[in-house]
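The next block is input-v4.csv, given as CSV, C-alpha atoms and all ligand atoms.
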```
chain,number,residue,atom,x,y,z
P,20,LEU,CA,16.3,101.6,170.5
P,21,LYS,CA,19.3,103.8,170.5
P,22,SER,CA,19.5,104.0,174.3
P,23,VAL,CA,19.5,100.1,174.5
P,24,GLN,CA,22.2,100.0,171.9
P,25,ALA,CA,24.2,102.5,174.0
P,26,GLU,CA,23.8,100.4,177.2
P,27,GLU,CA,24.1,96.8,175.8
P,28,LYS,CA,26.9,95.3,173.7
P,29,ASN,CA,25.0,92.7,171.7
P,30,VAL,CA,21.7,94.1,170.3
P,31,LEU,CA,19.6,93.0,167.4
P,32,VAL,CA,16.8,95.3,166.2
P,33,LEU,CA,14.0,93.8,164.1
P,34,ASP,CA,10.6,94.8,162.8
P,35,ALA,CA,7.8,92.3,162.0
P,36,GLY,CA,6.2,94.2,159.1
P,37,ASP,CA,3.2,96.4,158.1
P,38,LEU,CA,5.4,99.5,158.3
P,39,ILE,CA,3.3,101.5,155.9
P,40,THR,CA,-0.3,102.7,155.6
P,41,GLY,CA,-2.4,104.6,158.2
P,42,THR,CA,-1.2,108.1,157.9
P,43,PRO,CA,-1.4,110.8,155.2
P,44,VAL,CA,2.4,110.9,155.0
P,45,SER,CA,2.5,107.2,154.1
P,46,THR,CA,-0.5,107.2,151.8
P,47,LEU,CA,0.2,110.5,149.9
P,48,PHE,CA,3.7,109.3,149.0
P,49,LEU,CA,2.9,105.6,148.6
P,50,GLY,CA,4.7,104.4,151.6
P,51,VAL,CA,8.2,105.6,150.7
P,52,PRO,CA,8.6,108.1,153.5
P,53,VAL,CA,8.2,105.4,156.1
P,54,PHE,CA,11.2,103.5,154.8
P,55,GLU,CA,13.2,106.7,154.7
P,56,ILE,CA,12.2,107.4,158.4
P,57,TYR,CA,13.1,103.9,159.3
P,58,ASN,CA,16.6,104.5,158.0
P,59,THR,CA,17.1,106.9,161.0
P,60,MET,CA,16.6,104.0,163.4
P,61,PRO,CA,19.0,101.1,163.9
P,62,TYR,CA,16.9,98.3,162.2
P,63,GLN,CA,18.9,95.3,161.1
P,64,ALA,CA,16.1,93.5,159.3
P,65,VAL,CA,12.4,93.8,158.6
P,66,VAL,CA,9.9,91.5,157.0
P,67,LEU,CA,7.3,92.4,154.4
P,68,GLY,CA,3.8,92.6,155.9
P,69,ASN,CA,0.6,92.6,153.9
P,70,HIS,CA,0.3,96.4,154.0
P,71,GLU,CA,3.5,96.7,152.1
P,72,PHE,CA,1.5,95.5,149.1
P,73,ASP,CA,-1.2,98.2,149.5
P,74,HIS,CA,0.1,100.3,146.6
P,75,GLY,CA,0.5,97.3,144.3
P,76,TRP,CA,3.5,94.9,144.6
P,77,SER,CA,5.5,96.8,142.0
P,78,GLN,CA,5.9,99.6,144.6
P,79,ILE,CA,8.0,97.3,146.8
P,80,SER,CA,10.9,97.9,144.5
P,81,GLU,CA,10.8,101.6,145.6
P,82,PHE,CA,10.9,100.5,149.2
P,83,LEU,CA,14.0,98.3,148.4
P,84,ARG,CA,15.6,101.3,146.7
P,85,VAL,CA,15.1,103.6,149.7
P,86,ALA,CA,15.7,101.2,152.6
P,87,GLU,CA,19.2,100.9,154.0
P,88,PHE,CA,18.3,97.7,155.9
P,89,PRO,CA,17.5,94.3,154.6
P,90,ILE,CA,13.8,93.6,153.8
P,91,LEU,CA,13.1,89.9,154.0
P,92,SER,CA,10.3,87.6,152.5
P,93,ALA,CA,11.1,84.0,151.9
P,94,ASN,CA,7.7,82.9,150.6
P,95,ILE,CA,6.7,85.5,148.0
P,96,ARG,CA,8.0,85.4,144.4
P,97,LEU,CA,7.7,87.6,141.4
P,98,PRO,CA,6.3,86.4,138.1
P,99,SER,CA,10.0,85.8,137.1
P,100,GLY,CA,10.4,83.4,139.9
P,101,ALA,CA,12.8,85.6,141.8
P,102,LEU,CA,12.1,86.4,145.5
P,103,ILE,CA,10.1,89.7,145.7
P,104,THR,CA,12.7,91.4,147.9
P,105,GLY,CA,15.7,89.4,146.7
P,106,ARG,CA,16.3,88.1,150.2
P,107,ALA,CA,14.7,85.2,152.0
P,108,THR,CA,17.1,85.2,155.0
P,109,GLN,CA,19.7,87.4,156.6
P,110,GLY,CA,22.7,86.2,158.6
P,111,ILE,CA,23.8,88.7,161.3
P,112,ALA,CA,26.7,88.4,163.7
P,113,VAL,CA,25.9,89.9,167.1
P,114,GLY,CA,29.0,89.7,169.2
P,115,ASN,CA,30.2,86.1,169.0
P,116,LEU,CA,26.7,84.9,168.1
P,117,LYS,CA,25.9,84.0,164.5
P,118,ILE,CA,22.2,84.6,164.0
P,119,GLY,CA,20.1,83.3,161.0
P,120,ILE,CA,16.9,85.2,160.3
P,121,ILE,CA,14.1,83.9,158.0
P,122,GLY,CA,11.4,86.4,156.8
P,123,LEU,CA,7.9,85.1,156.3
P,124,THR,CA,4.9,87.1,154.9
P,125,HIS,CA,1.2,86.3,155.4
P,126,PRO,CA,0.2,84.0,152.5
P,127,ASP,CA,-3.4,85.2,152.2
P,128,LEU,CA,-2.7,88.4,150.3
P,129,ARG,CA,-5.7,87.8,148.1
P,130,ARG,CA,-7.9,88.4,151.0
P,131,LEU,CA,-5.8,91.1,152.7
P,132,THR,CA,-5.0,93.4,149.7
P,133,ALA,CA,-6.5,94.6,146.4
P,134,ARG,CA,-5.7,92.8,143.1
P,135,ALA,CA,-2.7,94.9,142.3
P,136,GLY,CA,-1.1,93.7,145.5
P,137,TRP,CA,-1.0,90.0,144.6
P,138,GLU,CA,-1.8,89.4,140.9
P,139,GLY,CA,1.0,87.5,139.2
P,140,LEU,CA,2.9,86.7,142.4
P,141,THR,CA,3.6,83.1,143.7
P,142,ILE,CA,2.9,82.8,147.3
P,143,GLU,CA,4.1,79.8,149.2
P,144,GLU,CA,3.0,78.3,152.5
P,145,PRO,CA,5.3,79.8,155.2
P,146,ALA,CA,5.8,76.7,157.2
P,147,ALA,CA,7.0,74.6,154.3
P,148,VAL,CA,9.4,77.4,153.2
P,149,ALA,CA,10.6,77.9,156.8
P,150,GLN,CA,11.4,74.2,157.1
P,151,ARG,CA,13.5,74.4,154.0
P,152,TYR,CA,15.5,77.5,155.1
P,153,ALA,CA,15.8,76.3,158.8
P,154,LYS,CA,17.5,73.1,157.6
P,155,ALA,CA,19.9,75.1,155.4
P,156,LEU,CA,20.7,77.8,158.1
P,157,ARG,CA,20.8,75.7,161.2
P,158,PRO,CA,24.3,74.3,160.8
P,159,HIS,CA,25.8,77.8,160.4
P,160,SER,CA,23.7,79.6,163.1
P,161,ASP,CA,23.9,79.7,166.8
P,162,LEU,CA,20.4,81.2,167.0
P,163,LEU,CA,17.6,80.8,164.4
P,164,ILE,CA,14.9,83.4,164.3
P,165,ALA,CA,11.8,83.6,162.2
P,166,LEU,CA,10.7,87.2,161.6
P,167,THR,CA,7.1,86.7,160.7
P,168,HIS,CA,4.0,88.7,159.6
P,169,LEU,CA,1.5,85.8,160.1
P,170,GLY,CA,-0.3,86.5,163.3
P,171,VAL,CA,0.2,84.8,166.7
P,172,ASP,CA,-1.9,81.7,166.0
P,173,ASP,CA,0.1,80.9,162.9
P,174,ASP,CA,3.3,81.6,164.8
P,175,VAL,CA,2.3,78.9,167.3
P,176,ALA,CA,1.6,76.5,164.4
P,177,LEU,CA,4.9,77.5,162.8
P,178,ALA,CA,6.8,76.7,166.1
P,179,ARG,CA,5.3,73.2,166.0
P,180,ALA,CA,6.1,72.7,162.4
P,181,VAL,CA,9.6,74.0,162.6
P,182,PRO,CA,11.0,73.1,166.0
P,183,GLN,CA,14.5,74.2,165.0
P,184,LEU,CA,13.4,77.8,165.4
P,185,ASP,CA,14.7,79.4,168.6
P,186,VAL,CA,12.7,82.6,168.4
P,187,ILE,CA,9.7,83.8,166.4
P,188,VAL,CA,9.4,87.6,166.3
P,189,GLY,CA,5.8,88.1,164.9
P,190,GLY,CA,3.4,90.8,163.8
P,191,HIS,CA,0.1,91.1,162.0
P,192,SER,CA,-2.4,90.1,164.8
P,193,HIS,CA,-1.5,93.2,166.9
P,194,THR,CA,-1.1,90.9,169.9
P,195,GLN,CA,0.5,92.4,173.0
P,196,LEU,CA,2.5,89.5,174.4
P,197,THR,CA,3.6,90.9,177.7
P,198,GLN,CA,5.6,87.6,178.2
P,199,PRO,CA,7.1,85.5,175.5
P,200,ARG,CA,4.9,82.5,174.7
P,201,GLN,CA,6.8,79.2,174.7
P,202,VAL,CA,6.0,76.4,172.3
P,203,GLY,CA,8.4,73.5,172.7
P,204,ASN,CA,11.8,75.2,172.7
P,205,THR,CA,10.6,78.1,170.6
P,206,LEU,CA,9.9,81.6,172.1
P,207,ILE,CA,7.2,83.7,170.4
P,208,VAL,CA,7.2,87.4,170.9
P,209,GLN,CA,4.9,90.1,169.5
P,210,ALA,CA,4.8,93.8,170.6
P,211,GLY,CA,1.3,95.0,169.8
P,212,CYS,CA,0.8,97.6,167.0
P,213,ASN,CA,1.2,101.2,165.9
P,214,GLY,CA,4.5,101.7,167.7
P,215,ARG,CA,2.8,101.7,171.1
P,216,TYR,CA,5.4,99.3,172.4
P,217,VAL,CA,8.9,98.1,171.8
P,218,GLY,CA,9.4,94.5,172.6
P,219,ARG,CA,12.6,93.6,174.4
P,220,LEU,CA,13.8,90.0,174.7
P,221,ASP,CA,17.0,89.4,176.6
P,222,LEU,CA,18.6,86.0,175.8
P,223,VAL,CA,21.5,84.1,177.2
P,224,VAL,CA,22.7,81.6,174.6
P,225,ASP,CA,25.0,78.6,175.1
P,226,LEU,CA,27.3,78.8,172.2
P,227,VAL,CA,28.4,75.2,172.5
P,228,GLU,CA,25.0,73.7,172.7
P,229,LYS,CA,23.5,76.4,170.5
P,230,ARG,CA,20.5,76.9,172.7
P,231,ILE,CA,18.9,79.6,174.8
P,232,VAL,CA,19.6,78.9,178.5
P,233,ARG,CA,17.9,82.0,179.9
P,234,HIS,CA,15.4,84.5,178.6
P,235,GLU,CA,13.4,87.4,179.8
P,236,GLY,CA,10.9,89.4,177.7
P,237,ARG,CA,8.8,92.5,178.2
P,238,LEU,CA,7.0,95.2,176.4
P,239,ILE,CA,8.2,98.8,176.9
P,240,PRO,CA,5.5,101.4,176.3
P,241,VAL,CA,6.5,104.1,173.8
P,242,THR,CA,5.5,107.5,175.2
P,243,ALA,CA,7.0,111.0,174.6
P,244,GLU,CA,7.5,111.3,178.4
P,245,SER,CA,9.4,108.1,178.8
P,246,MET,CA,11.5,108.2,175.7
P,247,GLY,CA,11.9,111.8,174.7
P,248,THR,CA,12.4,112.6,171.0
P,249,ASP,CA,15.3,111.6,168.8
P,250,PRO,CA,16.3,114.7,166.8
P,251,VAL,CA,17.4,112.7,163.7
P,252,THR,CA,14.1,110.8,163.4
P,253,ALA,CA,12.1,113.8,164.3
P,254,ALA,CA,13.7,115.8,161.5
P,255,ALA,CA,12.9,113.0,159.0
P,256,VAL,CA,9.3,112.9,160.2
P,257,GLU,CA,9.0,116.7,160.0
P,258,LYS,CA,10.4,116.8,156.4
P,259,TRP,CA,7.5,114.7,155.2
P,260,GLU,CA,4.9,116.1,157.6
P,261,SER,CA,5.6,119.6,156.4
P,262,ARG,CA,4.9,118.5,152.8
P,263,VAL,CA,1.5,117.0,153.7
P,264,ARG,CA,0.3,119.6,156.2
P,265,GLU,CA,-0.9,122.1,153.7
P,266,ALA,CA,-2.9,119.4,152.0
P,267,VAL,CA,-4.5,117.7,155.0
P,268,ASP,CA,-4.5,120.1,158.0
P,269,VAL,CA,-7.6,121.9,156.6
P,270,LYS,CA,-10.7,122.2,158.7
P,271,ILE,CA,-13.8,120.8,156.9
P,272,GLY,CA,-16.3,120.5,159.7
P,273,ASP,CA,-17.0,119.8,163.4
P,274,ASN,CA,-17.7,116.7,165.4
P,275,THR,CA,-19.6,116.7,168.6
P,276,THR,CA,-19.4,113.1,169.9
P,277,LEU,CA,-16.7,110.4,169.8
P,278,LYS,CA,-17.5,108.1,167.0
P,279,GLY,CA,-16.0,104.6,167.1
P,280,ARG,CA,-15.0,102.6,164.0
P,281,SER,CA,-18.2,100.6,163.8
P,282,GLU,CA,-20.4,103.7,164.0
P,283,LEU,CA,-18.3,105.3,161.3
P,284,ARG,CA,-18.6,102.2,159.2
P,285,ASP,CA,-22.4,102.5,159.4
P,286,ILE,CA,-22.4,106.2,158.6
P,287,ILE,CA,-20.0,105.7,155.6
P,288,SER,CA,-22.2,102.9,154.3
P,289,GLU,CA,-25.2,105.1,154.5
P,290,VAL,CA,-23.4,108.1,152.9
P,291,LEU,CA,-22.5,105.8,150.0
P,292,ARG,CA,-26.1,104.7,149.6
P,293,VAL,CA,-27.5,108.2,149.6
P,294,THR,CA,-24.8,109.8,147.5
P,295,PHE,CA,-24.9,107.2,144.7
P,296,GLU,CA,-28.6,106.6,145.0
P,297,THR,CA,-28.2,102.8,145.3
P,298,ASP,CA,-30.4,100.3,147.2
P,299,PHE,CA,-27.6,99.6,149.7
P,300,GLY,CA,-24.3,101.1,150.8
P,301,TYR,CA,-21.5,99.0,152.2
P,302,GLN,CA,-18.2,99.9,153.9
P,303,ASN,CA,-16.2,97.1,155.4
P,304,SER,CA,-15.1,97.4,159.1
P,305,GLY,CA,-11.4,96.7,158.2
P,306,GLY,CA,-11.4,99.7,155.9
P,307,VAL,CA,-12.1,102.2,158.7
P,308,ARG,CA,-8.8,102.6,160.5
P,309,ALA,CA,-9.4,105.3,163.1
P,310,ASP,CA,-12.1,106.7,165.5
P,311,LEU,CA,-13.3,110.3,165.1
P,312,SER,CA,-12.7,112.4,168.2
P,313,PRO,CA,-15.0,115.4,169.2
P,314,GLY,CA,-13.7,118.7,167.9
P,315,PRO,CA,-12.8,120.2,164.5
P,316,ILE,CA,-12.7,117.7,161.6
P,317,LEU,CA,-9.6,118.1,159.5
P,318,LYS,CA,-9.1,116.4,156.1
P,319,ARG,CA,-6.2,114.6,158.0
P,320,HIS,CA,-8.8,112.8,160.2
P,321,ILE,CA,-10.6,111.4,157.1
P,322,TRP,CA,-7.2,110.4,155.6
P,323,THR,CA,-6.3,108.6,158.8
P,324,MET,CA,-9.8,107.0,159.0
P,325,LEU,CA,-9.7,105.9,155.3
P,326,PRO,CA,-6.0,105.5,154.4
P,327,PHE,CA,-6.5,103.2,151.5
P,328,GLY,CA,-6.9,104.7,148.0
P,329,HIS,CA,-10.0,102.7,147.2
P,330,ARG,CA,-12.5,103.9,144.6
P,331,VAL,CA,-16.2,103.9,144.9
P,332,THR,CA,-17.6,100.9,143.0
P,333,LEU,CA,-21.2,100.1,142.2
P,334,LEU,CA,-22.3,96.5,142.0
P,335,THR,CA,-25.5,95.2,140.5
P,336,LEU,CA,-26.6,92.0,142.3
P,337,GLU,CA,-29.4,89.6,142.2
P,338,ARG,CA,-31.6,89.2,145.2
P,339,ASN,CA,-30.0,86.0,146.5
P,340,GLN,CA,-26.5,87.6,146.1
P,341,LEU,CA,-27.3,90.3,148.7
P,342,SER,CA,-26.4,87.9,151.5
P,343,GLU,CA,-22.7,88.8,150.6
P,344,PHE,CA,-23.4,92.1,152.3
P,345,ASN,CA,-25.6,90.8,155.1
P,346,VAL,CA,-28.5,92.9,153.9
P,347,LYS,CA,-32.1,91.9,153.1
P,348,PRO,CA,-34.4,93.7,150.8
P,349,PRO,CA,-37.5,95.2,152.5
P,350,ALA,CA,-40.2,92.6,153.1
P,351,GLY,CA,-42.7,92.4,150.2
P,352,GLU,CA,-40.3,94.1,147.8
P,353,ASP,CA,-39.6,91.9,144.8
P,354,LYS,CA,-37.0,93.5,142.5
P,355,GLU,CA,-34.9,91.5,140.2
P,356,ARG,CA,-31.8,93.5,140.6
P,357,TYR,CA,-30.3,95.5,143.5
P,358,THR,CA,-27.5,98.1,143.5
P,359,VAL,CA,-24.8,98.4,146.1
P,360,ALA,CA,-22.3,101.2,146.5
P,361,THR,CA,-19.1,100.0,148.1
P,362,ASN,CA,-15.3,100.5,147.9
P,363,SER,CA,-13.2,98.8,145.2
P,364,TYR,CA,-11.5,96.5,147.6
P,365,VAL,CA,-14.8,95.0,148.8
P,366,ALA,CA,-16.1,95.0,145.2
P,367,GLU,CA,-13.1,93.0,144.0
P,368,GLN,CA,-13.6,90.3,146.7
P,369,VAL,CA,-17.3,90.0,146.2
P,370,ALA,CA,-17.0,90.0,142.4
P,371,ALA,CA,-14.5,87.2,142.5
P,372,ARG,CA,-16.6,85.1,144.9
P,373,LEU,CA,-19.8,85.6,142.9
P,374,ASN,CA,-18.1,85.4,139.6
P,375,LEU,CA,-19.8,88.7,138.6
P,376,PRO,CA,-19.7,89.6,134.9
P,377,PRO,CA,-17.9,93.0,134.2
P,378,GLU,CA,-21.1,94.8,133.3
P,379,ARG,CA,-22.3,94.3,136.9
P,380,ILE,CA,-19.3,96.1,138.2
P,381,GLU,CA,-18.8,99.9,137.8
P,382,THR,CA,-15.7,101.4,139.3
P,383,LEU,CA,-16.1,105.2,139.5
P,384,PRO,CA,-13.1,107.5,139.3
P,385,ARG,CA,-13.9,109.0,142.7
P,386,LEU,CA,-12.0,107.8,145.8
P,387,LEU,CA,-14.1,106.8,148.8
P,388,ARG,CA,-12.0,109.2,150.9
P,389,ASP,CA,-12.8,112.1,148.7
P,390,VAL,CA,-16.5,111.3,148.8
P,391,ILE,CA,-16.5,111.4,152.6
P,392,ILE,CA,-14.4,114.6,152.6
P,393,GLY,CA,-16.9,116.2,150.2
P,394,TYR,CA,-19.8,115.0,152.4
P,395,VAL,CA,-18.3,116.6,155.5
P,396,GLU,CA,-17.4,119.8,153.6
P,397,ALA,CA,-21.0,120.1,152.3
P,398,ARG,CA,-22.7,119.4,155.7
P,399,GLY,CA,-20.1,120.6,158.2
P,400,SER,CA,-20.2,117.2,160.1
P,401,LEU,CA,-20.1,113.5,159.6
P,402,GLU,CA,-23.5,112.4,160.9
P,403,MET,CA,-25.9,109.8,159.6
P,404,PRO,CA,-27.6,111.2,156.4
P,405,ALA,CA,-31.0,110.7,158.0
P,406,LEU,CA,-30.1,113.2,160.7
P,407,VAL,CA,-29.0,115.8,158.2
P,408,PRO,CA,-31.9,118.1,157.3
P,409,GLY,CA,-32.7,118.3,153.6
P,410,LEU,CA,-31.3,114.9,152.7
P,411,GLN,CA,-34.0,112.4,151.7
P,412,HIS,CA,-33.9,108.7,152.3
P,413,LYS,CA,-34.4,106.7,149.2
I,501,ZN,ZN,-0.7,92.7,158.7
```
Could you write out this file's structure as structure tokens?
Amino acid sequence: LKSVQAEEKNVLVLDAGDLITGTPVSTLFLGVPVFEIYNTMPYQAVVLGNHEFDHGWSQISEFLRVAEFPILSANIRLPSGALITGRATQGIAVGNLKIGIIGLTHPDLRRLTARAGWEGLTIEEPAAVAQRYAKALRPHSDLLIALTHLGVDDDVALARAVPQLDVIVGGHSHTQLTQPRQVGNTLIVQAGCNGRYVGRLDLVVDLVEKRIVRHEGRLIPVTAESMGTDPVTAAAVEKWESRVREAVDVKIGDNTTLKGRSELRDIISEVLRVTFETDFGYQNSGGVRADLSPGPILKRHIWTMLPFGHRVTLLTLERNQLSEFNVKPPAGEDKERYTVATNSYVAEQVAARLNLPPERIETLPRLLRDVIIGYVEARGSLEMPALVPGLQHK
């Protein structure tokens, strides 16, 4: 980012959200270090993604306190009615160009985050909100950009609903658009995920007609070899890494074969079942965020695999409610009630869908992550419980 800024006169640097969650640095300090580290990079605006709500929406005020760049979200409001980040849009002058930017956050926070992430908030449909702001901004802007965290399919729909948008810079679906996608006169770009690419979009804008006359987009792979290390950003990362190293760079076991996320999901489900002596265990695939490579297992690996601070929750369900978990009781068995051990995120969703009474939901004080760390510590590996000698199947 800094080298492009050094080479080019008119540069705008944006981020399409989901800055936090995924690393121990982020999770241990509730996302705050990520915003501090972003301050070392030349971002001019970012939009709130769904993961920015992972520590409850009240934590977003901390991000606003730390960030030295505007954080936008035009469609999420606090119980008071105020915009959650205080800013829906940002006007930025780049050279002679007046740019209007509208920030839009995924509206389905109820599905994407735990209750503390959305309860009490008013969430509006992004397209309707964008139409309103586009109308207001268009007369004062040479270029109108939606900075979205909606996913590429919704970006296409947004481009159709709000044709005044010149560019949509999107996130959420982790799509690697190697070329901008064009819908009408709107260009849609998205640069994959996890900092693997920086998206670069070069535009030539006719200031009289207020339209893009030429464009060229590409993804630039981010590797240590091609980019080198920026000393200021590296120092900010190191400050926080050194604080977590002692806590998480602790060897707790060994792993012999590469385990992918779906295999880990099955193992974790089974560990839950065996540990809490329930009929079933259930871990959602979206909750497992990393593979496990062969070699020593550090606590850090479990933190990266299970970055969310979800607690173990036990549900008591009736037979016909088990379809929620895609499981069937053994043939011939006829119990009235079945128990399922899962994480608090899944439990909340299922409890809401089934309208479960509180006495059927037991949230334990133990974090899922700590249960798995304890399991590895006790056994020296993360294998299916059935393969571990001395552990009995129920
Ligand atoms: Zn997202």
Can you measure CA of Phe72 (chain P) to CA of Leu128 (chain P) for me? One decimal in Å is fine.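 Separation of CA of Phe72 (chain P) and CA of Leu128 (chain P): 8.3 Å.
Note that the spacing between CA of Arg385 (chain P) and CA of Ala135 (chain P) amounts to 18.0 Å.
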Can I get the residues close to ligand ZN 501 (chain I) as a compact mmCIF listing (two decimals) with C-alpha atoms, in the frame of the given file, where close means within 7 Å and we count all atoms listed in the file?
```
# COMPACT_ATOMS: atom_id res chain seq x y z
CA ASP P 37 3.20 96.40 158.10
CA GLY P 68 3.80 92.60 155.90
CA ASN P 69 0.60 92.60 153.90
CA HIS P 70 0.30 96.40 154.00
CA HIS P 168 4.00 88.70 159.60
CA GLY P 190 3.40 90.80 163.80
CA HIS P 191 0.10 91.10 162.00
CA SER P 192 -2.40 90.10 164.80
```
Polymer residues at most 6 Å from Asn274 (chain P), only C-alpha atoms, same-chain spacing of 3 or more positions, as a ChimeraX atom specification: /P:313-314,400
Atoms to include: C-alpha atoms. Write the selected residues as a PDB file, in the frame of the given file.
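Resulting contents of result00.pdb:
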```
ATOM      1  CA  PRO P 313     -15.000 115.400 169.200  1.00  0.00           C
ATOM      2  CA  GLY P 314     -13.700 118.700 167.900  1.00  0.00           C
ATOM      3  CA  SER P 400     -20.200 117.200 160.100  1.00  0.00           C
TER       4      SER P 400
END
```
Between P:Glu260, P:Asp285, P:Glu337, P:Leu401, which is the closest to Leu311 (chain P) once you count all atoms listed in the file?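 Between P:Glu260, P:Asp285, P:Glu337, P:Leu401, the residue approaching Leu311 (chain P) most closely is P:Leu401.
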Long-range neighbours of Val53 (chain P) as an NGL selection string, 8 Å cut-off, only C-alpha atoms, 5 positions minimum in chain: :P and (38-39 or 45)
Proximity to Leu387 (chain P) - best of P:Arg200, P:Thr40, P:Ile321, P:Val359, all atoms listed in the file: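 Checking each of P:Arg200, P:Thr40, P:Ile321, P:Val359 against Leu387 (chain P), counting all atoms listed in the file, the winner is P:Ile321.
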Give as a list in words every residue, naming chains and numbers as the document does, that has an atom within 12 Å of (5.2, 104.9, 176.5), counting all atoms listed in the file.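 Those residues lying close to the given coordinates are Asn213, Gly214, Arg215, Tyr216, Val217, Gly218, Leu238, Ile239, Pro240, Val241, Thr242, Ala243, Glu244, Ser245, Met246, Gly247 and Thr248 of chain P.
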Taking into account only C-alpha atoms, which residue in the set P:Gly105, P:Ile287, P:Val267, P:Val51 is nearest to Thr323 (chain P)? P:Val267
Nearest-residue call for Ala64 (chain P), choices P:Arg84, P:Arg284, P:Lys28, P:Arg106, using only C-alpha atoms: P:Arg106
Got a sec: who's within 9 Å of Leu222 (chain P), counting all atoms listed in the file, leaving out chain neighbours fewer than 3 positions off, as a list of chain:residue names?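 My list of contacting residues is P:Ile231, P:Val232, P:Arg233, P:His234, P:Glu235, P:Gly236.
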Atoms kept (C-alpha atoms) for selection, written as an mmCIF file, in the frame of the given file:
```cif
data_model
loop_
_atom_site.group_PDB
_atom_site.id
_atom_site.type_symbol
_atom_site.label_atom_id
_atom_site.label_comp_id
_atom_site.auth_asym_id
_atom_site.auth_seq_id
_atom_site.Cartn_x
_atom_site.Cartn_y
_atom_site.Cartn_z
ATOM 1 C CA ILE P 231 18.900 79.600 174.800
ATOM 2 C CA VAL P 232 19.600 78.900 178.500
ATOM 3 C CA ARG P 233 17.900 82.000 179.900
ATOM 4 C CA HIS P 234 15.400 84.500 178.600
ATOM 5 C CA GLU P 235 13.400 87.400 179.800
ATOM 6 C CA GLY P 236 10.900 89.400 177.700
#
```
Have region 30-34 of chain P completed to all heavy atoms, please, and pass it along as a PDB file, in the frame of the given file.
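Heads up, here's the output in out-v2.pdb:
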```pdb
ATOM      1  N   VAL P  30      23.158  93.744 170.539  1.00  0.00           N
ATOM      2  CA  VAL P  30      21.700  94.100 170.300  1.00  0.00           C
ATOM      3  C   VAL P  30      21.360  93.771 168.873  1.00  0.00           C
ATOM      4  O   VAL P  30      22.137  94.039 167.949  1.00  0.00           O
ATOM      5  CB  VAL P  30      21.461  95.566 170.626  1.00  0.00           C
ATOM      6  CG1 VAL P  30      19.983  95.890 170.446  1.00  0.00           C
ATOM      7  CG2 VAL P  30      21.906  95.917 172.035  1.00  0.00           C
ATOM      8  N   LEU P  31      20.180  93.199 168.698  1.00  0.00           N
ATOM      9  CA  LEU P  31      19.600  93.000 167.400  1.00  0.00           C
ATOM     10  C   LEU P  31      18.263  93.669 167.312  1.00  0.00           C
ATOM     11  O   LEU P  31      17.432  93.481 168.199  1.00  0.00           O
ATOM     12  CB  LEU P  31      19.448  91.457 167.134  1.00  0.00           C
ATOM     13  CG  LEU P  31      18.801  91.018 165.819  1.00  0.00           C
ATOM     14  CD1 LEU P  31      19.687  91.377 164.626  1.00  0.00           C
ATOM     15  CD2 LEU P  31      18.532  89.513 165.841  1.00  0.00           C
ATOM     16  N   VAL P  32      18.035  94.493 166.280  1.00  0.00           N
ATOM     17  CA  VAL P  32      16.800  95.300 166.200  1.00  0.00           C
ATOM     18  C   VAL P  32      16.017  94.818 164.941  1.00  0.00           C
ATOM     19  O   VAL P  32      16.529  94.893 163.821  1.00  0.00           O
ATOM     20  CB  VAL P  32      17.070  96.779 166.121  1.00  0.00           C
ATOM     21  CG1 VAL P  32      15.766  97.558 166.121  1.00  0.00           C
ATOM     22  CG2 VAL P  32      17.937  97.219 167.292  1.00  0.00           C
ATOM     23  N   LEU P  33      14.789  94.354 165.155  1.00  0.00           N
ATOM     24  CA  LEU P  33      14.000  93.800 164.100  1.00  0.00           C
ATOM     25  C   LEU P  33      12.600  94.451 164.030  1.00  0.00           C
ATOM     26  O   LEU P  33      12.123  94.964 165.045  1.00  0.00           O
ATOM     27  CB  LEU P  33      13.794  92.285 164.275  1.00  0.00           C
ATOM     28  CG  LEU P  33      15.054  91.443 164.413  1.00  0.00           C
ATOM     29  CD1 LEU P  33      14.697  90.010 164.808  1.00  0.00           C
ATOM     30  CD2 LEU P  33      15.851  91.457 163.115  1.00  0.00           C
ATOM     31  N   ASP P  34      11.942  94.382 162.873  1.00  0.00           N
ATOM     32  CA  ASP P  34      10.600  94.800 162.800  1.00  0.00           C
ATOM     33  C   ASP P  34       9.762  93.779 161.986  1.00  0.00           C
ATOM     34  O   ASP P  34      10.205  93.299 160.943  1.00  0.00           O
ATOM     35  CB  ASP P  34      10.474  96.180 162.051  1.00  0.00           C
ATOM     36  CG  ASP P  34       9.071  96.768 162.119  1.00  0.00           C
ATOM     37  OD1 ASP P  34       8.165  96.266 161.414  1.00  0.00           O
ATOM     38  OD2 ASP P  34       8.871  97.722 162.896  1.00  0.00           O
TER      39      ASP P  34
END
```
